[in-house]
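Q: Shown below is the structure under consideration.
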Amino acid sequence: MNRWITQLRKGLLEYLTLNILNQKETYGYEIIQILNTFESMDVTESTVYPILARLNKDGFAQVRKSPSPDGPPRRYYSLTPKGKARVAQMNQYWELLNQTIQQIRSKT
Amino acid sequence: MNELTSIESRINQYLDAVREQLSGLTEGEVDSIIDDLRGHIDAAMQAHGDQPTLENIEAVLAEMDPPETFVPDLNETTGVVPKVSRTAIIGAVLLLFGILMAIRFLIPGITYSAVDGITISNVPESIRWQWLLLVTILPLATTILGLVSISQIRASKGKLMGKPLALVDTLFYPLLVLDGLLIAFMFMIIATITDGHLALTESLALLSYLLVIIVDLIIGVIAWHKIR
């Protein structure tokens, strides 16, 4: 795969993960499943779980452990108020970025 | 060992291998990733509708990222750019210095500037002992610096790098001694069994050198895997 696509995806992954968590509380495996339903996103554990760990460390996401009948407790992630503020900021900036891209593309 | 224990053991083996790769992250982040991966394995098993057998676990693990892909991009995660261990660099400098001194000391016929002109001779007796002292101290210092730098790099959680250099510092002289002993031992055996047969002696000597190289490589690879 082209390096620029990998880099672009990498940059977007945190943003998309925050948006998924903004919609509902969920666990890592499900986040990967959701992202992989989109052809343009092909993500794996080694990219998503470090992001979740970092979001948790930085106070943007919190973890709730729920008992699982088939194994160790499942870890559900949700956004903290700080995380919700961050995703709102990011969405706002994304809109601006998108407009800029559209404007530049329409002029060229 | 029953199958359930084998399954747990196989899962833990994978998780431990991943944990080893996450040295640049905080303990909390590492635990978080490991716990998520454990949950991922269980969720993947459920999604497949598989019974937890060793075969099914192997299939799930085969679909997952290999442990080495979890190496964190430190520049991105912590803003820390890893530096090459200074201890390892000093060790490498001492190593080179030791080699140069050994060459100067051991090889006959090196020119030495005496007061009365240039003499083609060994190193004079007056400074030979000083050199001998240095040649023995330098390998010891290099090996110790190598060991220290390996432990510093491992404890630095990704802030320091240079494990290959540190390994060279650590192993170079001990392997040199081992090589010397092995060759001496092999030559003793060769002298006994060839009974002065030149062609056979040469072939066996070559074989000895090859054997020594192979032993060095094996030790090097094992040591590398131990410190990775």
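Residues in the structure tokens are numbered from 1 in each chain, the chains being A, B, ... in the order shown, and ligands are numbered from 1 in the order shown.
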Output as a JSON list (two decimals) with N, CA and C atoms, in the first residue's frame all residues of chain A that backbone DSSP marks as helix (DSSP H, G or I).

A:
```json
[["chain", "number", "residue", "atom", "x", "y", "z"],
["A", 3, "ARG", "N", 2.58, 4.63, 0.93],
["A", 3, "ARG", "CA", 2.95, 5.14, 2.24],
["A", 3, "ARG", "C", 2.03, 6.30, 2.67],
["A", 4, "TRP", "N", 1.67, 7.13, 1.70],
["A", 4, "TRP", "CA", 0.85, 8.29, 2.06],
["A", 4, "TRP", "C", -0.54, 7.87, 2.54],
["A", 5, "ILE", "N", -1.05, 6.77, 1.97],
["A", 5, "ILE", "CA", -2.37, 6.29, 2.42],
["A", 5, "ILE", "C", -2.26, 5.79, 3.87],
["A", 6, "THR", "N", -1.19, 5.04, 4.14],
["A", 6, "THR", "CA", -0.98, 4.53, 5.50],
["A", 6, "THR", "C", -0.89, 5.69, 6.49],
["A", 7, "GLN", "N", -0.12, 6.71, 6.13],
["A", 7, "GLN", "CA", 0.06, 7.86, 7.02],
["A", 7, "GLN", "C", -1.26, 8.61, 7.26],
["A", 8, "LEU", "N", -2.02, 8.76, 6.16],
["A", 8, "LEU", "CA", -3.30, 9.47, 6.25],
["A", 8, "LEU", "C", -4.28, 8.72, 7.16],
["A", 9, "ARG", "N", -4.33, 7.39, 6.96],
["A", 9, "ARG", "CA", -5.21, 6.56, 7.78],
["A", 9, "ARG", "C", -4.82, 6.63, 9.25],
["A", 10, "LYS", "N", -3.51, 6.60, 9.46],
["A", 10, "LYS", "CA", -2.99, 6.64, 10.82],
["A", 10, "LYS", "C", -3.43, 7.93, 11.52],
["A", 11, "GLY", "N", -3.34, 9.01, 10.78],
["A", 11, "GLY", "CA", -3.74, 10.29, 11.33],
["A", 11, "GLY", "C", -5.23, 10.36, 11.62],
["A", 12, "LEU", "N", -6.00, 9.69, 10.77],
["A", 12, "LEU", "CA", -7.46, 9.75, 10.91],
["A", 12, "LEU", "C", -8.01, 8.81, 11.97],
["A", 13, "LEU", "N", -7.24, 7.79, 12.27],
["A", 13, "LEU", "CA", -7.75, 6.72, 13.12],
["A", 13, "LEU", "C", -8.19, 7.20, 14.51],
["A", 14, "GLU", "N", -7.40, 8.06, 15.10],
["A", 14, "GLU", "CA", -7.77, 8.57, 16.42],
["A", 14, "GLU", "C", -9.07, 9.37, 16.34],
["A", 15, "TYR", "N", -9.17, 10.17, 15.29],
["A", 15, "TYR", "CA", -10.36, 10.98, 15.08],
["A", 15, "TYR", "C", -11.60, 10.09, 14.92],
["A", 16, "LEU", "N", -11.46, 9.05, 14.10],
["A", 16, "LEU", "CA", -12.60, 8.15, 13.85],
["A", 16, "LEU", "C", -12.95, 7.35, 15.11],
["A", 17, "THR", "N", -11.94, 6.93, 15.84],
["A", 17, "THR", "CA", -12.19, 6.17, 17.08],
["A", 17, "THR", "C", -12.95, 7.04, 18.08],
["A", 18, "LEU", "N", -12.53, 8.29, 18.19],
["A", 18, "LEU", "CA", -13.23, 9.21, 19.10],
["A", 18, "LEU", "C", -14.68, 9.38, 18.67],
["A", 19, "ASN", "N", -14.91, 9.44, 17.37],
["A", 19, "ASN", "CA", -16.28, 9.61, 16.88],
["A", 19, "ASN", "C", -17.13, 8.38, 17.14],
["A", 20, "ILE", "N", -16.54, 7.21, 17.01],
["A", 20, "ILE", "CA", -17.29, 5.98, 17.32],
["A", 20, "ILE", "C", -17.66, 5.98, 18.81],
["A", 21, "LEU", "N", -16.70, 6.33, 19.64],
["A", 21, "LEU", "CA", -16.96, 6.35, 21.09],
["A", 21, "LEU", "C", -17.94, 7.46, 21.46],
["A", 22, "ASN", "N", -18.00, 8.47, 20.64],
["A", 22, "ASN", "CA", -18.94, 9.58, 20.89],
["A", 22, "ASN", "C", -20.38, 9.12, 20.67],
["A", 23, "GLN", "N", -20.53, 8.08, 19.84],
["A", 23, "GLN", "CA", -21.88, 7.58, 19.56],
["A", 23, "GLN", "C", -22.35, 6.56, 20.59],
["A", 28, "GLY", "N", -13.00, -2.77, 22.22],
["A", 28, "GLY", "CA", -12.01, -2.69, 21.15],
["A", 28, "GLY", "C", -12.32, -3.51, 19.91],
["A", 29, "TYR", "N", -12.72, -4.76, 20.12],
["A", 29, "TYR", "CA", -12.99, -5.64, 18.99],
["A", 29, "TYR", "C", -14.08, -5.06, 18.10],
["A", 30, "GLU", "N", -15.10, -4.49, 18.75],
["A", 30, "GLU", "CA", -16.22, -3.92, 17.99],
["A", 30, "GLU", "C", -15.78, -2.67, 17.20],
["A", 31, "ILE", "N", -14.90, -1.89, 17.82],
["A", 31, "ILE", "CA", -14.40, -0.69, 17.11],
["A", 31, "ILE", "C", -13.69, -1.12, 15.82],
["A", 32, "ILE", "N", -12.88, -2.17, 15.92],
["A", 32, "ILE", "CA", -12.18, -2.68, 14.73],
["A", 32, "ILE", "C", -13.19, -3.15, 13.69],
["A", 33, "GLN", "N", -14.23, -3.88, 14.16],
["A", 33, "GLN", "CA", -15.26, -4.37, 13.23],
["A", 33, "GLN", "C", -15.96, -3.21, 12.53],
["A", 34, "ILE", "N", -16.30, -2.18, 13.29],
["A", 34, "ILE", "CA", -16.99, -1.01, 12.71],
["A", 34, "ILE", "C", -16.11, -0.36, 11.66],
["A", 35, "LEU", "N", -14.86, -0.11, 12.01],
["A", 35, "LEU", "CA", -13.95, 0.56, 11.07],
["A", 35, "LEU", "C", -13.74, -0.28, 9.82],
["A", 36, "ASN", "N", -13.66, -1.59, 10.00],
["A", 36, "ASN", "CA", -13.39, -2.45, 8.85],
["A", 36, "ASN", "C", -14.60, -2.67, 7.94],
["A", 45, "GLU", "N", -5.53, -4.80, 15.14],
["A", 45, "GLU", "CA", -5.35, -4.61, 16.59],
["A", 45, "GLU", "C", -4.16, -3.71, 16.91],
["A", 46, "SER", "N", -3.08, -3.90, 16.16],
["A", 46, "SER", "CA", -1.84, -3.18, 16.52],
["A", 46, "SER", "C", -1.96, -1.68, 16.28],
["A", 47, "THR", "N", -2.99, -1.25, 15.55],
["A", 47, "THR", "CA", -3.19, 0.19, 15.36],
["A", 47, "THR", "C", -4.26, 0.75, 16.29],
["A", 48, "VAL", "N", -5.32, -0.05, 16.52],
["A", 48, "VAL", "CA", -6.45, 0.49, 17.30],
["A", 48, "VAL", "C", -6.18, 0.44, 18.82],
["A", 49, "TYR", "N", -5.68, -0.68, 19.32],
["A", 49, "TYR", "CA", -5.53, -0.80, 20.78],
["A", 49, "TYR", "C", -4.53, 0.21, 21.37],
["A", 50, "PRO", "N", -3.41, 0.48, 20.72],
["A", 50, "PRO", "CA", -2.55, 1.54, 21.28],
["A", 50, "PRO", "C", -3.24, 2.90, 21.32],
["A", 51, "ILE", "N", -4.11, 3.17, 20.34],
["A", 51, "ILE", "CA", -4.84, 4.45, 20.36],
["A", 51, "ILE", "C", -5.80, 4.48, 21.54],
["A", 52, "LEU", "N", -6.52, 3.37, 21.77],
["A", 52, "LEU", "CA", -7.45, 3.32, 22.91],
["A", 52, "LEU", "C", -6.68, 3.50, 24.22],
["A", 53, "ALA", "N", -5.52, 2.85, 24.32],
["A", 53, "ALA", "CA", -4.71, 2.98, 25.54],
["A", 53, "ALA", "C", -4.27, 4.42, 25.75],
["A", 54, "ARG", "N", -3.91, 5.08, 24.65],
["A", 54, "ARG", "CA", -3.45, 6.47, 24.75],
["A", 54, "ARG", "C", -4.61, 7.41, 25.11],
["A", 55, "LEU", "N", -5.76, 7.17, 24.50],
["A", 55, "LEU", "CA", -6.94, 8.00, 24.82],
["A", 55, "LEU", "C", -7.30, 7.87, 26.30],
["A", 56, "ASN", "N", -7.16, 6.63, 26.79],
["A", 56, "ASN", "CA", -7.44, 6.37, 28.20],
["A", 56, "ASN", "C", -6.41, 7.07, 29.09],
["A", 57, "LYS", "N", -5.15, 6.97, 28.70],
["A", 57, "LYS", "CA", -4.08, 7.60, 29.50],
["A", 57, "LYS", "C", -4.23, 9.12, 29.53],
["A", 81, "PRO", "N", -15.92, 13.65, 29.71],
["A", 81, "PRO", "CA", -16.28, 15.00, 29.26],
["A", 81, "PRO", "C", -15.14, 15.66, 28.47],
["A", 82, "LYS", "N", -13.89, 15.40, 28.90],
["A", 82, "LYS", "CA", -12.74, 15.94, 28.18],
["A", 82, "LYS", "C", -12.67, 15.37, 26.75],
["A", 83, "GLY", "N", -13.00, 14.08, 26.64],
["A", 83, "GLY", "CA", -13.00, 13.42, 25.33],
["A", 83, "GLY", "C", -14.10, 13.97, 24.44],
["A", 84, "LYS", "N", -15.28, 14.25, 25.05],
["A", 84, "LYS", "CA", -16.40, 14.81, 24.27],
["A", 84, "LYS", "C", -16.05, 16.21, 23.76],
["A", 85, "ALA", "N", -15.38, 16.96, 24.62],
["A", 85, "ALA", "CA", -14.96, 18.31, 24.20],
["A", 85, "ALA", "C", -13.96, 18.21, 23.06],
["A", 86, "ARG", "N", -13.06, 17.23, 23.17],
["A", 86, "ARG", "CA", -12.04, 17.07, 22.13],
["A", 86, "ARG", "C", -12.67, 16.67, 20.78],
["A", 87, "VAL", "N", -13.63, 15.74, 20.84],
["A", 87, "VAL", "CA", -14.25, 15.29, 19.59],
["A", 87, "VAL", "C", -15.06, 16.43, 18.95],
["A", 88, "ALA", "N", -15.67, 17.26, 19.79],
["A", 88, "ALA", "CA", -16.42, 18.41, 19.25],
["A", 88, "ALA", "C", -15.47, 19.38, 18.53],
["A", 89, "GLN", "N", -14.35, 19.61, 19.17],
["A", 89, "GLN", "CA", -13.32, 20.48, 18.57],
["A", 89, "GLN", "C", -12.82, 19.89, 17.25],
["A", 90, "MET", "N", -12.56, 18.59, 17.29],
["A", 90, "MET", "CA", -12.02, 17.93, 16.10],
["A", 90, "MET", "C", -13.02, 17.97, 14.95],
["A", 91, "ASN", "N", -14.29, 17.73, 15.28],
["A", 91, "ASN", "CA", -15.33, 17.75, 14.24],
["A", 91, "ASN", "C", -15.44, 19.14, 13.61],
["A", 92, "GLN", "N", -15.34, 20.14, 14.48],
["A", 92, "GLN", "CA", -15.41, 21.51, 14.00],
["A", 92, "GLN", "C", -14.25, 21.80, 13.03],
["A", 93, "TYR", "N", -13.07, 21.38, 13.46],
["A", 93, "TYR", "CA", -11.89, 21.61, 12.63],
["A", 93, "TYR", "C", -11.97, 20.80, 11.34],
["A", 94, "TRP", "N", -12.53, 19.60, 11.45],
["A", 94, "TRP", "CA", -12.65, 18.75, 10.27],
["A", 94, "TRP", "C", -13.54, 19.42, 9.21],
["A", 95, "GLU", "N", -14.64, 20.03, 9.68],
["A", 95, "GLU", "CA", -15.53, 20.73, 8.76],
["A", 95, "GLU", "C", -14.77, 21.85, 8.03],
["A", 96, "LEU", "N", -14.00, 22.57, 8.81],
["A", 96, "LEU", "CA", -13.22, 23.68, 8.24],
["A", 96, "LEU", "C", -12.20, 23.15, 7.22],
["A", 97, "LEU", "N", -11.57, 22.07, 7.60],
["A", 97, "LEU", "CA", -10.56, 21.44, 6.73],
["A", 97, "LEU", "C", -11.20, 20.96, 5.43],
["A", 98, "ASN", "N", -12.36, 20.36, 5.59],
["A", 98, "ASN", "CA", -13.09, 19.83, 4.45],
["A", 98, "ASN", "C", -13.48, 20.96, 3.47],
["A", 99, "GLN", "N", -13.96, 22.05, 4.06],
["A", 99, "GLN", "CA", -14.32, 23.21, 3.23],
["A", 99, "GLN", "C", -13.10, 23.73, 2.48],
["A", 100, "THR", "N", -12.00, 23.81, 3.19],
["A", 100, "THR", "CA", -10.75, 24.30, 2.58],
["A", 100, "THR", "C", -10.36, 23.40, 1.40],
["A", 101, "ILE", "N", -10.43, 22.10, 1.64],
["A", 101, "ILE", "CA", -10.05, 21.16, 0.57],
["A", 101, "ILE", "C", -10.96, 21.33, -0.64],
["A", 102, "GLN", "N", -12.26, 21.45, -0.36],
["A", 102, "GLN", "CA", -13.22, 21.62, -1.45],
["A", 102, "GLN", "C", -12.93, 22.90, -2.24],
["A", 103, "GLN", "N", -12.66, 23.96, -1.49],
["A", 103, "GLN", "CA", -12.39, 25.25, -2.15],
["A", 103, "GLN", "C", -11.13, 25.16, -3.02],
["A", 104, "ILE", "N", -10.10, 24.56, -2.46],
["A", 104, "ILE", "CA", -8.84, 24.45, -3.21],
["A", 104, "ILE", "C", -9.04, 23.59, -4.46],
["A", 105, "ARG", "N", -9.78, 22.49, -4.28],
["A", 105, "ARG", "CA", -9.99, 21.57, -5.41],
["A", 105, "ARG", "C", -10.83, 22.23, -6.50],
["A", 106, "SER", "N", -11.82, 23.03, -6.09],
["A", 106, "SER", "CA", -12.70, 23.66, -7.09],
["A", 106, "SER", "C", -11.97, 24.77, -7.84],
["A", 107, "LYS", "N", -10.93, 25.34, -7.25],
["A", 107, "LYS", "CA", -10.20, 26.41, -7.91],
["A", 107, "LYS", "C", -9.13, 25.88, -8.86]]
```

Q: Show me, as a ChimeraX atom specification, the residues of chain B whose atoms get within 9 Å of chain A, using only C-alpha atoms for the distance check.

A: /B:26,28-44,46,64-67,69-72,77

Q: Neighbours of segment 170-173 of chain B within 6 Å (only C-alpha atoms; same-chain residues fewer than 2 positions away dropped), as a ChimeraX atom specification?

A: /B:139,143,146-147,167-168,175-176

Q: Figure out the distance between atom CA of Thr80 of chain A and atom CA of Lys24 of chain A, please, to one decimal in Å.

A: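 Between atom CA of Lys24 of chain A and atom CA of Thr80 of chain A the gap works out to 12.0 Å.
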
Q: Return as a list in words the full set of residues in segment 24-226 of chain B whose backbone-based DSSP assignment is strand (DSSP E).

A: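 Reading the DSSP output for segment 24-226 of chain B, strand (DSSP E) covers Lys83, Val84, Thr111, Tyr112, Ser113, Ala114, Gly117, Ile118, Thr119, Ile120, Leu160 and Met161 of chain B.
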
Q: Go ahead and write the selection's residues with C-alpha atoms as an mmCIF file, in the first residue's frame.

A:
```
data_model
loop_
_atom_site.group_PDB
_atom_site.id
_atom_site.type_symbol
_atom_site.label_atom_id
_atom_site.label_comp_id
_atom_site.auth_asym_id
_atom_site.auth_seq_id
_atom_site.Cartn_x
_atom_site.Cartn_y
_atom_site.Cartn_z
ATOM 1 C CA LYS B 83 18.935 8.325 21.499
ATOM 2 C CA VAL B 84 21.764 5.903 21.002
ATOM 3 C CA THR B 111 57.771 0.403 12.826
ATOM 4 C CA TYR B 112 58.579 2.075 16.060
ATOM 5 C CA SER B 113 60.118 5.501 16.231
ATOM 6 C CA ALA B 114 63.179 5.358 18.431
ATOM 7 C CA GLY B 117 65.851 6.507 13.974
ATOM 8 C CA ILE B 118 63.105 4.222 12.796
ATOM 9 C CA THR B 119 63.406 0.693 13.999
ATOM 10 C CA ILE B 120 61.571 -2.248 12.584
ATOM 11 C CA LEU B 160 17.544 4.755 24.483
ATOM 12 C CA MET B 161 18.473 2.585 21.525
#
```
